[in-house]
file model_20.pdb (PDB, C-alpha atoms and all ligand atoms)
ATOM      1  CA  MET A 199     -68.457  -9.167 -20.955
ATOM      2  CA  LEU A 200     -70.176  -6.777 -18.587
ATOM      3  CA  THR A 201     -67.137  -4.518 -18.629
ATOM      4  CA  ASP A 202     -67.239  -4.377 -22.439
ATOM      5  CA  HIS A 203     -70.860  -3.327 -22.360
ATOM      6  CA  VAL A 204     -70.302  -0.741 -19.697
ATOM      7  CA  ARG A 205     -67.572   0.679 -21.935
ATOM      8  CA  GLN A 206     -69.826   0.556 -24.989
ATOM      9  CA  GLU A 207     -72.274   2.773 -23.169
ATOM     10  CA  CYS A 208     -70.045   5.799 -23.896
ATOM     11  CA  PHE A 209     -68.441   5.398 -20.502
ATOM     12  CA  SER A 210     -66.739   8.754 -20.598
ATOM     13  CA  SER A 211     -69.857  10.824 -21.193
ATOM     14  CA  GLY A 212     -72.902   8.556 -20.914
ATOM     15  CA  HIS A 213     -75.583   8.260 -18.301
ATOM     16  CA  LEU A 214     -73.533   5.833 -16.217
ATOM     17  CA  ALA A 215     -70.596   8.225 -16.142
ATOM     18  CA  LYS A 216     -72.914  10.994 -15.022
ATOM     19  CA  ILE A 217     -74.281   9.083 -12.050
ATOM     20  CA  ILE A 218     -70.756   8.013 -11.073
ATOM     21  CA  ASP A 219     -69.698  11.682 -11.265
ATOM     22  CA  ASN A 220     -72.587  12.474  -8.969
ATOM     23  CA  LYS A 221     -71.196   9.875  -6.536
ATOM     24  CA  ASP A 222     -74.554   8.179  -6.473
ATOM     25  CA  ILE A 223     -73.451   4.641  -5.676
ATOM     26  CA  LEU A 224     -76.951   3.186  -5.572
ATOM     27  CA  ALA A 225     -77.863   4.612  -8.977
ATOM     28  CA  SER A 226     -74.550   3.325 -10.405
ATOM     29  CA  VAL A 227     -75.165  -0.181  -9.106
ATOM     30  CA  LYS A 228     -78.737  -0.128 -10.418
ATOM     31  CA  ARG A 229     -77.466   0.988 -13.793
ATOM     32  CA  ILE A 230     -74.928  -1.834 -14.011
ATOM     33  CA  ALA A 231     -77.649  -4.287 -12.939
ATOM     34  CA  ALA A 232     -79.851  -2.985 -15.774
ATOM     35  CA  ILE A 233     -77.024  -3.548 -18.263
ATOM     36  CA  LYS A 234     -76.616  -7.088 -16.961
ATOM     37  CA  THR A 235     -80.374  -7.701 -17.336
ATOM     38  CA  ASP A 236     -80.092  -6.612 -20.921
ATOM     39  CA  ILE A 237     -77.253  -9.020 -21.568
ATOM     40  CA  VAL A 238     -79.249 -11.846 -19.978
ATOM     41  CA  MET A 239     -82.231 -10.922 -22.180
ATOM     42  CA  GLY A 240     -80.033 -11.347 -25.231
ATOM     43  CA  ASN A 241     -80.373  -7.772 -26.406
ATOM     44  CA  THR A 242     -76.638  -7.227 -26.674
ATOM     45  CA  ASN A 243     -76.731  -6.804 -30.458
ATOM     46  CA  ASN A 244     -78.998  -3.814 -29.969
ATOM     47  CA  TYR A 245     -76.926  -2.468 -27.168
ATOM     48  CA  ASP A 246     -75.499   0.494 -29.003
ATOM     49  CA  LYS A 247     -79.073   1.517 -29.878
ATOM     50  CA  LEU A 248     -80.336   0.915 -26.384
ATOM     51  CA  LYS A 249     -80.239   3.491 -23.657
ATOM     52  CA  MET A 250     -81.529   2.572 -20.235
ATOM     53  CA  ASN A 251     -82.608   4.434 -17.170
ATOM     54  CA  ASN A 252     -82.642   1.909 -14.332
ATOM     55  CA  SER A 253     -85.289  -0.453 -15.597
ATOM     56  CA  ILE A 254     -86.785   1.703 -18.361
ATOM     57  CA  ALA A 255     -85.258   1.082 -21.783
ATOM     58  CA  VAL A 256     -85.991   2.863 -25.047
ATOM     59  CA  ILE A 257     -85.333   1.073 -28.322
ATOM     60  CA  GLN A 258     -86.108   1.634 -31.969
ATOM     61  CA  GLY A 259     -87.664  -1.493 -33.438
ATOM     62  CA  ASP A 260     -90.663  -3.650 -34.194
ATOM     63  CA  ILE A 261     -92.670  -4.555 -31.111
ATOM     64  CA  THR A 262     -93.826  -7.835 -32.645
ATOM     65  CA  GLN A 263     -90.226  -9.102 -32.492
ATOM     66  CA  GLN A 264     -89.629  -8.386 -28.821
ATOM     67  CA  LYS A 265     -88.721 -11.355 -26.637
ATOM     68  CA  VAL A 266     -90.465 -10.140 -23.518
ATOM     69  CA  ASP A 267     -93.259 -11.564 -21.377
ATOM     70  CA  ALA A 268     -95.854  -9.049 -22.583
ATOM     71  CA  ILE A 269     -96.200  -6.446 -25.313
ATOM     72  CA  VAL A 270     -98.649  -3.541 -25.213
ATOM     73  CA  ASN A 271    -100.867  -2.979 -28.221
ATOM     74  CA  ALA A 272    -102.229   0.461 -29.118
ATOM     75  CA  ALA A 273    -105.677  -0.873 -30.008
ATOM     76  CA  ASN A 274    -109.031   0.749 -30.780
ATOM     77  CA  ASN A 275    -112.274   0.487 -28.781
ATOM     78  CA  SER A 276    -113.516  -2.538 -30.713
ATOM     79  CA  LEU A 277    -110.348  -4.594 -30.049
ATOM     80  CA  LEU A 278    -111.052  -6.204 -33.410
ATOM     81  CA  GLY A 279    -107.836  -5.115 -35.082
ATOM     82  CA  GLY A 280    -106.865  -2.032 -37.025
ATOM     83  CA  GLY A 281    -103.887  -0.489 -38.765
ATOM     84  CA  GLY A 282    -100.512   0.557 -37.416
ATOM     85  CA  VAL A 283     -99.076  -1.410 -34.538
ATOM     86  CA  ASP A 284    -102.441  -3.112 -33.933
ATOM     87  CA  GLY A 285    -102.428  -4.549 -37.455
ATOM     88  CA  ALA A 286     -98.806  -5.652 -37.133
ATOM     89  CA  ILE A 287     -99.507  -7.431 -33.827
ATOM     90  CA  HIS A 288    -102.577  -9.254 -35.182
ATOM     91  CA  LYS A 289    -100.664 -10.289 -38.293
ATOM     92  CA  ALA A 290     -97.737 -11.667 -36.296
ATOM     93  CA  ALA A 291     -99.882 -13.318 -33.609
ATOM     94  CA  GLY A 292    -102.209 -15.067 -36.079
ATOM     95  CA  SER A 293    -105.976 -15.403 -36.271
ATOM     96  CA  GLU A 294    -106.353 -16.951 -32.803
ATOM     97  CA  LEU A 295    -105.702 -13.514 -31.342
ATOM     98  CA  LEU A 296    -108.713 -12.019 -33.112
ATOM     99  CA  LYS A 297    -110.852 -14.934 -31.907
ATOM    100  CA  GLU A 298    -109.923 -14.203 -28.302
ATOM    101  CA  CYS A 299    -110.380 -10.444 -28.785
ATOM    102  CA  ARG A 300    -113.940 -11.018 -30.049
ATOM    103  CA  LYS A 301    -114.852 -12.410 -26.625
ATOM    104  CA  LEU A 302    -113.660  -9.311 -24.758
ATOM    105  CA  ASN A 303    -116.504  -6.926 -25.689
ATOM    106  CA  GLY A 304    -114.170  -4.117 -26.624
ATOM    107  CA  CYS A 305    -112.266  -1.813 -24.306
ATOM    108  CA  ALA A 306    -112.890   1.736 -23.066
ATOM    109  CA  THR A 307    -110.397   4.505 -23.767
ATOM    110  CA  GLY A 308    -107.747   4.610 -21.035
ATOM    111  CA  GLU A 309    -108.392   1.012 -19.995
ATOM    112  CA  ALA A 310    -106.654  -2.262 -20.892
ATOM    113  CA  LYS A 311    -107.376  -5.960 -21.420
ATOM    114  CA  ILE A 312    -105.021  -8.924 -21.728
ATOM    115  CA  THR A 313    -104.910 -11.848 -24.170
ATOM    116  CA  LYS A 314    -102.425 -14.557 -25.017
ATOM    117  CA  GLY A 315     -99.697 -13.773 -27.550
ATOM    118  CA  TYR A 316    -100.202 -16.871 -29.756
ATOM    119  CA  ASN A 317     -97.497 -16.869 -32.477
ATOM    120  CA  LEU A 318     -95.694 -13.855 -31.029
ATOM    121  CA  PRO A 319     -92.459 -14.292 -29.053
ATOM    122  CA  ALA A 320     -94.304 -12.544 -26.188
ATOM    123  CA  LYS A 321     -96.563 -14.755 -24.090
ATOM    124  CA  TRP A 322     -99.130 -11.993 -23.500
ATOM    125  CA  VAL A 323    -100.569  -8.999 -25.314
ATOM    126  CA  ILE A 324    -102.027  -6.194 -23.220
ATOM    127  CA  HIS A 325    -104.409  -4.172 -25.380
ATOM    128  CA  THR A 326    -104.998  -0.594 -24.391
ATOM    129  CA  VAL A 327    -106.971   2.138 -26.109
ATOM    130  CA  GLY A 328    -105.256   5.492 -26.188
ATOM    131  CA  PRO A 329    -107.099   8.793 -26.606
ATOM    132  CA  ILE A 330    -107.554  10.469 -29.969
ATOM    133  CA  TRP A 331    -105.888  13.889 -29.850
ATOM    134  CA  TYR A 332    -108.488  16.671 -30.090
ATOM    135  CA  GLY A 333    -106.161  19.519 -29.136
ATOM    136  CA  GLY A 334    -105.543  18.696 -25.491
ATOM    137  CA  SER A 335    -108.685  20.015 -23.798
ATOM    138  CA  GLN A 336    -110.636  16.744 -23.854
ATOM    139  CA  GLY A 337    -108.735  14.995 -21.062
ATOM    140  CA  GLU A 338    -106.261  13.443 -23.498
ATOM    141  CA  ASP A 339    -103.298  13.659 -21.092
ATOM    142  CA  GLU A 340    -105.165  11.925 -18.297
ATOM    143  CA  SER A 341    -106.542   9.242 -20.636
ATOM    144  CA  LEU A 342    -103.063   8.462 -21.935
ATOM    145  CA  ALA A 343    -101.658   8.313 -18.389
ATOM    146  CA  SER A 344    -104.505   5.979 -17.500
ATOM    147  CA  CYS A 345    -103.504   3.641 -20.376
ATOM    148  CA  TYR A 346    -100.034   3.204 -18.880
ATOM    149  CA  ARG A 347    -101.399   2.716 -15.371
ATOM    150  CA  SER A 348    -104.017   0.190 -16.550
ATOM    151  CA  CYS A 349    -101.432  -1.864 -18.472
ATOM    152  CA  LEU A 350     -98.976  -1.861 -15.580
ATOM    153  CA  GLU A 351    -101.751  -2.776 -13.155
ATOM    154  CA  ILE A 352    -102.556  -5.867 -15.248
ATOM    155  CA  ALA A 353     -98.868  -6.691 -15.754
ATOM    156  CA  GLN A 354     -98.158  -6.828 -12.036
ATOM    157  CA  GLN A 355    -100.873  -9.424 -11.381
ATOM    158  CA  GLN A 356     -99.174 -12.552 -10.165
ATOM    159  CA  GLN A 357    -101.036 -14.992 -12.393
ATOM    160  CA  TYR A 358     -99.320 -13.651 -15.530
ATOM    161  CA  GLN A 359     -95.734 -13.817 -14.222
ATOM    162  CA  ILE A 360     -94.710 -10.761 -16.251
ATOM    163  CA  LYS A 361     -91.172  -9.527 -15.565
ATOM    164  CA  ALA A 362     -90.423  -7.765 -18.843
ATOM    165  CA  ILE A 363     -92.960  -5.682 -20.757
ATOM    166  CA  ALA A 364     -92.636  -3.698 -23.984
ATOM    167  CA  PHE A 365     -94.896  -0.722 -24.741
ATOM    168  CA  SER A 366     -95.666   0.739 -28.138
ATOM    169  CA  ALA A 367     -95.887   4.526 -28.446
ATOM    170  CA  ILE A 368     -99.592   4.620 -27.616
ATOM    171  CA  SER A 369    -101.724   7.238 -29.433
ATOM    172  CA  THR A 370     -98.818   8.768 -31.358
ATOM    173  CA  GLY A 371     -99.738   7.290 -34.749
ATOM    174  CA  VAL A 372    -103.130   7.809 -36.378
ATOM    175  CA  TYR A 373    -104.576   9.037 -33.051
ATOM    176  CA  GLY A 374    -102.340  12.094 -33.446
ATOM    177  CA  PHE A 375    -101.120  12.679 -29.888
ATOM    178  CA  PRO A 376     -98.045  14.976 -29.991
ATOM    179  CA  VAL A 377     -95.079  12.640 -29.585
ATOM    180  CA  GLU A 378     -92.976  14.614 -27.098
ATOM    181  CA  ARG A 379     -95.960  15.173 -24.849
ATOM    182  CA  ALA A 380     -96.922  11.488 -25.047
ATOM    183  CA  ALA A 381     -93.339  10.476 -24.277
ATOM    184  CA  ARG A 382     -93.254  12.621 -21.120
ATOM    185  CA  ILE A 383     -96.492  11.060 -19.892
ATOM    186  CA  ALA A 384     -95.201   7.543 -20.634
ATOM    187  CA  ALA A 385     -91.896   8.126 -18.826
ATOM    188  CA  ARG A 386     -93.616   9.702 -15.801
ATOM    189  CA  GLU A 387     -96.235   6.970 -15.367
ATOM    190  CA  ILE A 388     -93.767   4.107 -15.794
ATOM    191  CA  GLN A 389     -91.293   5.676 -13.398
ATOM    192  CA  ARG A 390     -94.018   6.271 -10.785
ATOM    193  CA  PHE A 391     -95.088   2.668 -11.094
ATOM    194  CA  LEU A 392     -91.539   1.328 -10.759
ATOM    195  CA  GLU A 393     -90.961   3.436  -7.672
ATOM    196  CA  SER A 394     -93.869   1.837  -5.859
ATOM    197  CA  ASN A 395     -93.808  -1.675  -7.266
ATOM    198  CA  ASN A 396     -91.010  -4.174  -7.766
ATOM    199  CA  SER A 397     -92.784  -6.942  -9.690
ATOM    200  CA  LEU A 398     -91.427  -5.755 -13.065
ATOM    201  CA  GLU A 399     -87.734  -6.013 -13.899
ATOM    202  CA  GLN A 400     -87.703  -4.355 -17.303
ATOM    203  CA  VAL A 401     -89.994  -1.928 -19.087
ATOM    204  CA  ILE A 402     -89.116  -1.231 -22.711
ATOM    205  CA  LEU A 403     -90.525   1.597 -24.813
ATOM    206  CA  VAL A 404     -90.441   0.397 -28.414
ATOM    207  CA  CYS A 405     -90.412   3.174 -31.007
ATOM    208  CA  PHE A 406     -90.859   2.487 -34.681
ATOM    209  CA  SER A 407     -89.221   5.601 -36.108
ATOM    210  CA  LYS A 408     -85.973   7.352 -35.238
ATOM    211  CA  SER A 409     -87.802  10.583 -34.385
ATOM    212  CA  SER A 410     -90.121   8.749 -32.004
ATOM    213  CA  TYR A 411     -87.110   7.000 -30.441
ATOM    214  CA  ASP A 412     -85.392  10.370 -29.926
ATOM    215  CA  SER A 413     -88.486  11.817 -28.211
ATOM    216  CA  TYR A 414     -89.012   8.897 -25.824
ATOM    217  CA  LEU A 415     -85.300   8.645 -25.018
ATOM    218  CA  SER A 416     -85.160  12.347 -24.278
ATOM    219  CA  ALA A 417     -88.231  12.099 -21.992
ATOM    220  CA  VAL A 418     -86.712   9.182 -20.065
ATOM    221  CA  ASN A 419     -83.334  10.927 -19.751
ATOM    222  CA  GLN A 420     -84.902  14.218 -18.618
ATOM    223  CA  MET A 421     -86.853  12.407 -15.958
ATOM    224  CA  SER A 422     -83.763  10.623 -14.657
ATOM    225  CA  GLU A 423     -81.820  13.900 -14.634
ATOM    226  CA  ARG A 424     -84.549  15.478 -12.512
ATOM    227  CA  GLN A 425     -84.276  12.534 -10.128
ATOM    228  CA  LEU A 426     -80.506  12.967  -9.807
ATOM    229  CA  ASP A 427     -80.824  16.671  -8.968
TER     230      ASP A 427
HETATM  231  P1  LIG B   1    -102.588   4.921 -32.315
HETATM  232  O1  LIG B   1    -103.879   4.677 -33.027
HETATM  233  O2  LIG B   1    -102.696   4.642 -30.828
HETATM  234  O3  LIG B   1    -102.000   6.253 -32.635
HETATM  235  P2  LIG B   1    -100.751   3.580 -34.174
HETATM  236  O4  LIG B   1    -100.619   2.108 -34.394
HETATM  237  O5  LIG B   1    -101.289   4.378 -35.310
HETATM  238  O6  LIG B   1    -101.630   3.746 -32.839
HETATM  239  O7  LIG B   1     -99.356   4.212 -33.768
HETATM  240  C1  LIG B   1     -98.779   4.042 -32.487
HETATM  241  C2  LIG B   1     -97.288   3.993 -32.653
HETATM  242  O8  LIG B   1     -96.893   2.683 -33.046
HETATM  243  C3  LIG B   1     -96.736   4.934 -33.732
HETATM  244  O9  LIG B   1     -95.586   5.588 -33.208
HETATM  245  C4  LIG B   1     -96.334   3.976 -34.857
HETATM  246  O10 LIG B   1     -95.253   4.468 -35.617
HETATM  247  C5  LIG B   1     -95.915   2.774 -34.054
HETATM  248  N1  LIG B   1     -95.842   1.480 -34.757
HETATM  249  C6  LIG B   1     -96.443   1.081 -35.894
HETATM  250  N2  LIG B   1     -96.105  -0.194 -36.165
HETATM  251  C7  LIG B   1     -95.263  -0.615 -35.175
HETATM  252  C8  LIG B   1     -94.547  -1.812 -34.897
HETATM  253  N3  LIG B   1     -94.624  -2.888 -35.690
HETATM  254  N4  LIG B   1     -93.754  -1.856 -33.789
HETATM  255  C9  LIG B   1     -93.668  -0.795 -32.968
HETATM  256  N5  LIG B   1     -94.318   0.359 -33.165
HETATM  257  C10 LIG B   1     -95.103   0.456 -34.259
END
call {"tool": "encode", "arguments": {"input": "model_20.pdb", "output": "structure tokens"}}
result
Amino acid sequence: MLTDHVRQECFSSGHLAKIIDNKDILASVKRIAAIKTDIVMGNTNNYDKLKMNNSIAVIQGDITQQKVDAIVNAANNSLLGGGGVDGAIHKAAGSELLKECRKLNGCATGEAKITKGYNLPAKWVIHTVGPIWYGGSQGEDESLASCYRSCLEIAQQQQYQIKAIAFSAISTGVYGFPVERAARIAAREIQRFLESNNSLEQVILVCFSKSSYDSYLSAVNQMSERQLD
């Protein structure tokens, strides 16, 4: 089964082939382990759409459907629900989520708070508030990086037992952050975290549209290419 999936990953020209060509045994083994994790997680139907870089995966899909331990909501400062992915998460989780959010007294931009997932397949929802894009001179990059760090900081706390986490494309919807720039920040912060922390086994970037998927996949691949150099 594993062999089939390794083959499906465009063995002759894909990322795995590249790291084998580079004679990087450790990276090759890590890559195969990541494929196995995906099979164990039951994502094999999506496999042709899924491209992984060690433990960062990028998929196109609906975050409310992800069977992971925690999903990350791109919320607003009130934490009382909104449109976009926030609305979809509240709808799928049910009204208990809003009740819990009311007790949290909102959330500052760049920070994160955790709730239960209620009717979602995910046990937890980590709510973070991304920056609104004002042109790039208002600290937007740093605020977005801080969102990823804050979510990952919560996710690694032992009491939540989070091994797999799925992020939405924070700030890239109505908040207007340029997608390619946001994708580079996401890839960099997640990779930095994974390098210094081994509590998480799988981080998934869930993109709603094909163009968003292409941007996040390209950011993750560029980062891994830089690492192989
Ligand atoms: P923000 O206000 O932080 O920009 P949005 O919800 O407007 O948040 O958009 C963030 C990203 O989430 C956008 O790329 C949007 O296309 C995407 N999105 C919207 N609904 C979903 C969903 N159900 N699953 C995953 N991503 C979604």
call {"tool": "atom_distance", "arguments": {"input": "model_20.pdb", "atom1": "atom O4 of ligand LIG 1 (chain B)", "atom2": "CA of Cys299 in chain A"}}
result
16.9 Å
call {"tool": "residues_near_ligand", "arguments": {"input": "model_20.pdb", "ligand": "ligand LIG 1 (chain B)", "cutoff": "7 Å", "atoms": "all atoms listed in the file", "output": "list of chain:residue names"}}
result
A:Gly259, A:Asp260, A:Ile261, A:Thr262, A:Ala272, A:Ala273, A:Asn274, A:Gly281, A:Gly282, A:Val283, A:Asp284, A:Ala286, A:Ile287, A:Val327, A:Gly328, A:Ser366, A:Ala367, A:Ile368, A:Ser369, A:Thr370, A:Gly371, A:Val372, A:Tyr373, A:Gly374, A:Val404, A:Cys405, A:Phe406, A:Ser407, A:Ser410
call {"tool": "write_last_selection", "arguments": {"input": "model_20.pdb", "atoms": "C-alpha atoms", "output": "PDB file, keeping the file's coordinate frame"}}
result
ATOM      1  CA  GLY A 259     -87.664  -1.493 -33.438  1.00  0.00           C
ATOM      2  CA  ASP A 260     -90.663  -3.650 -34.194  1.00  0.00           C
ATOM      3  CA  ILE A 261     -92.670  -4.555 -31.111  1.00  0.00           C
ATOM      4  CA  THR A 262     -93.826  -7.835 -32.645  1.00  0.00           C
ATOM      5  CA  ALA A 272    -102.229   0.461 -29.118  1.00  0.00           C
ATOM      6  CA  ALA A 273    -105.677  -0.873 -30.008  1.00  0.00           C
ATOM      7  CA  ASN A 274    -109.031   0.749 -30.780  1.00  0.00           C
ATOM      8  CA  GLY A 281    -103.887  -0.489 -38.765  1.00  0.00           C
ATOM      9  CA  GLY A 282    -100.512   0.557 -37.416  1.00  0.00           C
ATOM     10  CA  VAL A 283     -99.076  -1.410 -34.538  1.00  0.00           C
ATOM     11  CA  ASP A 284    -102.441  -3.112 -33.933  1.00  0.00           C
ATOM     12  CA  ALA A 286     -98.806  -5.652 -37.133  1.00  0.00           C
ATOM     13  CA  ILE A 287     -99.507  -7.431 -33.827  1.00  0.00           C
ATOM     14  CA  VAL A 327    -106.971   2.138 -26.109  1.00  0.00           C
ATOM     15  CA  GLY A 328    -105.256   5.492 -26.188  1.00  0.00           C
ATOM     16  CA  SER A 366     -95.666   0.739 -28.138  1.00  0.00           C
ATOM     17  CA  ALA A 367     -95.887   4.526 -28.446  1.00  0.00           C
ATOM     18  CA  ILE A 368     -99.592   4.620 -27.616  1.00  0.00           C
ATOM     19  CA  SER A 369    -101.724   7.238 -29.433  1.00  0.00           C
ATOM     20  CA  THR A 370     -98.818   8.768 -31.358  1.00  0.00           C
ATOM     21  CA  GLY A 371     -99.738   7.290 -34.749  1.00  0.00           C
ATOM     22  CA  VAL A 372    -103.130   7.809 -36.378  1.00  0.00           C
ATOM     23  CA  TYR A 373    -104.576   9.037 -33.051  1.00  0.00           C
ATOM     24  CA  GLY A 374    -102.340  12.094 -33.446  1.00  0.00           C
ATOM     25  CA  VAL A 404     -90.441   0.397 -28.414  1.00  0.00           C
ATOM     26  CA  CYS A 405     -90.412   3.174 -31.007  1.00  0.00           C
ATOM     27  CA  PHE A 406     -90.859   2.487 -34.681  1.00  0.00           C
ATOM     28  CA  SER A 407     -89.221   5.601 -36.108  1.00  0.00           C
ATOM     29  CA  SER A 410     -90.121   8.749 -32.004  1.00  0.00           C
TER      30      SER A 410
END
call {"tool": "closest_residue", "arguments": {"input": "model_20.pdb", "among": "A:Glu340, A:Glu399, A:Glu393, A:Glu294", "to": "Ala353 in chain A", "atoms": "only C-alpha atoms"}}
result
A:Glu399
call {"tool": "atom_distance", "arguments": {"input": "model_20.pdb", "atom1": "CA of Ala381 in chain A", "atom2": "CA of Ala417 in chain A"}}
result
5.8 Å
call {"tool": "closest_residue", "arguments": {"input": "model_20.pdb", "among": "A:Leu318, A:Lys311, A:Ile269, A:Asn275", "to": "Ile360 in chain A", "atoms": "all atoms listed in the file"}}
result
A:Ile269
call {"tool": "atom_distance", "arguments": {"input": "model_20.pdb", "atom1": "CA of Met421 in chain A", "atom2": "CA of Lys361 in chain A"}}
result
22.4 Å
call {"tool": "closest_residue", "arguments": {"input": "model_20.pdb", "among": "A:His288, A:Arg424, A:Lys265, A:Arg347", "to": "Arg390 in chain A", "atoms": "all atoms listed in the file"}}
result
A:Arg347
call {"tool": "closest_residue", "arguments": {"input": "model_20.pdb", "among": "A:Ser413, A:Ser335, A:Asn317, A:Asn396", "to": "Leu350 in chain A", "atoms": "all atoms listed in the file"}}
result
A:Asn396
call {"tool": "closest_residue", "arguments": {"input": "model_20.pdb", "among": "A:Cys349, A:Gly279, A:Leu415, A:Leu296", "to": "Gly308 in chain A", "atoms": "all atoms listed in the file"}}
result
A:Cys349
call {"tool": "resolve_selection", "arguments": {"input": "model_20.pdb", "expression": "the PyMOL selection byres (((chain A and resi 358) around 12) and not hetatm)", "output": "PDB file with C-alpha atoms, in the frame of the given file"}}
result
ATOM      1  CA  ASP A 267     -93.259 -11.564 -21.377  1.00  0.00           C
ATOM      2  CA  ALA A 268     -95.854  -9.049 -22.583  1.00  0.00           C
ATOM      3  CA  ILE A 312    -105.021  -8.924 -21.728  1.00  0.00           C
ATOM      4  CA  THR A 313    -104.910 -11.848 -24.170  1.00  0.00           C
ATOM      5  CA  LYS A 314    -102.425 -14.557 -25.017  1.00  0.00           C
ATOM      6  CA  ALA A 320     -94.304 -12.544 -26.188  1.00  0.00           C
ATOM      7  CA  LYS A 321     -96.563 -14.755 -24.090  1.00  0.00           C
ATOM      8  CA  TRP A 322     -99.130 -11.993 -23.500  1.00  0.00           C
ATOM      9  CA  VAL A 323    -100.569  -8.999 -25.314  1.00  0.00           C
ATOM     10  CA  ILE A 324    -102.027  -6.194 -23.220  1.00  0.00           C
ATOM     11  CA  LEU A 350     -98.976  -1.861 -15.580  1.00  0.00           C
ATOM     12  CA  GLU A 351    -101.751  -2.776 -13.155  1.00  0.00           C
ATOM     13  CA  ILE A 352    -102.556  -5.867 -15.248  1.00  0.00           C
ATOM     14  CA  ALA A 353     -98.868  -6.691 -15.754  1.00  0.00           C
ATOM     15  CA  GLN A 354     -98.158  -6.828 -12.036  1.00  0.00           C
ATOM     16  CA  GLN A 355    -100.873  -9.424 -11.381  1.00  0.00           C
ATOM     17  CA  GLN A 356     -99.174 -12.552 -10.165  1.00  0.00           C
ATOM     18  CA  GLN A 357    -101.036 -14.992 -12.393  1.00  0.00           C
ATOM     19  CA  GLN A 359     -95.734 -13.817 -14.222  1.00  0.00           C
ATOM     20  CA  ILE A 360     -94.710 -10.761 -16.251  1.00  0.00           C
ATOM     21  CA  LYS A 361     -91.172  -9.527 -15.565  1.00  0.00           C
ATOM     22  CA  ALA A 362     -90.423  -7.765 -18.843  1.00  0.00           C
ATOM     23  CA  ILE A 363     -92.960  -5.682 -20.757  1.00  0.00           C
ATOM     24  CA  SER A 397     -92.784  -6.942  -9.690  1.00  0.00           C
ATOM     25  CA  LEU A 398     -91.427  -5.755 -13.065  1.00  0.00           C
TER      26      LEU A 398
END
call {"tool": "closest_residue", "arguments": {"input": "model_20.pdb", "among": "A:Ser253, A:Asn303, A:Gln389, A:Ser409", "to": "Val377 in chain A", "atoms": "all atoms listed in the file"}}
result
A:Ser409
call {"tool": "resolve_selection", "arguments": {"input": "model_20.pdb", "expression": "the PyMOL selection byres (((chain A and resi 341-344) around 7) and not hetatm)", "output": "list in words"}}
result
Thr307, Gly308, Glu309, Gly328, Pro329, Gly337, Glu338, Asp339, Glu340, Cys345, Tyr346, Arg347, Ser348, Ile383, Ala384 and Glu387 of chain A
call {"tool": "write_last_selection", "arguments": {"input": "model_20.pdb", "atoms": "C-alpha atoms", "output": "PDB file, keeping the file's coordinate frame"}}
result
ATOM      1  CA  THR A 307    -110.397   4.505 -23.767  1.00  0.00           C
ATOM      2  CA  GLY A 308    -107.747   4.610 -21.035  1.00  0.00           C
ATOM      3  CA  GLU A 309    -108.392   1.012 -19.995  1.00  0.00           C
ATOM      4  CA  GLY A 328    -105.256   5.492 -26.188  1.00  0.00           C
ATOM      5  CA  PRO A 329    -107.099   8.793 -26.606  1.00  0.00           C
ATOM      6  CA  GLY A 337    -108.735  14.995 -21.062  1.00  0.00           C
ATOM      7  CA  GLU A 338    -106.261  13.443 -23.498  1.00  0.00           C
ATOM      8  CA  ASP A 339    -103.298  13.659 -21.092  1.00  0.00           C
ATOM      9  CA  GLU A 340    -105.165  11.925 -18.297  1.00  0.00           C
ATOM     10  CA  CYS A 345    -103.504   3.641 -20.376  1.00  0.00           C
ATOM     11  CA  TYR A 346    -100.034   3.204 -18.880  1.00  0.00           C
ATOM     12  CA  ARG A 347    -101.399   2.716 -15.371  1.00  0.00           C
ATOM     13  CA  SER A 348    -104.017   0.190 -16.550  1.00  0.00           C
ATOM     14  CA  ILE A 383     -96.492  11.060 -19.892  1.00  0.00           C
ATOM     15  CA  ALA A 384     -95.201   7.543 -20.634  1.00  0.00           C
ATOM     16  CA  GLU A 387     -96.235   6.970 -15.367  1.00  0.00           C
TER      17      GLU A 387
END
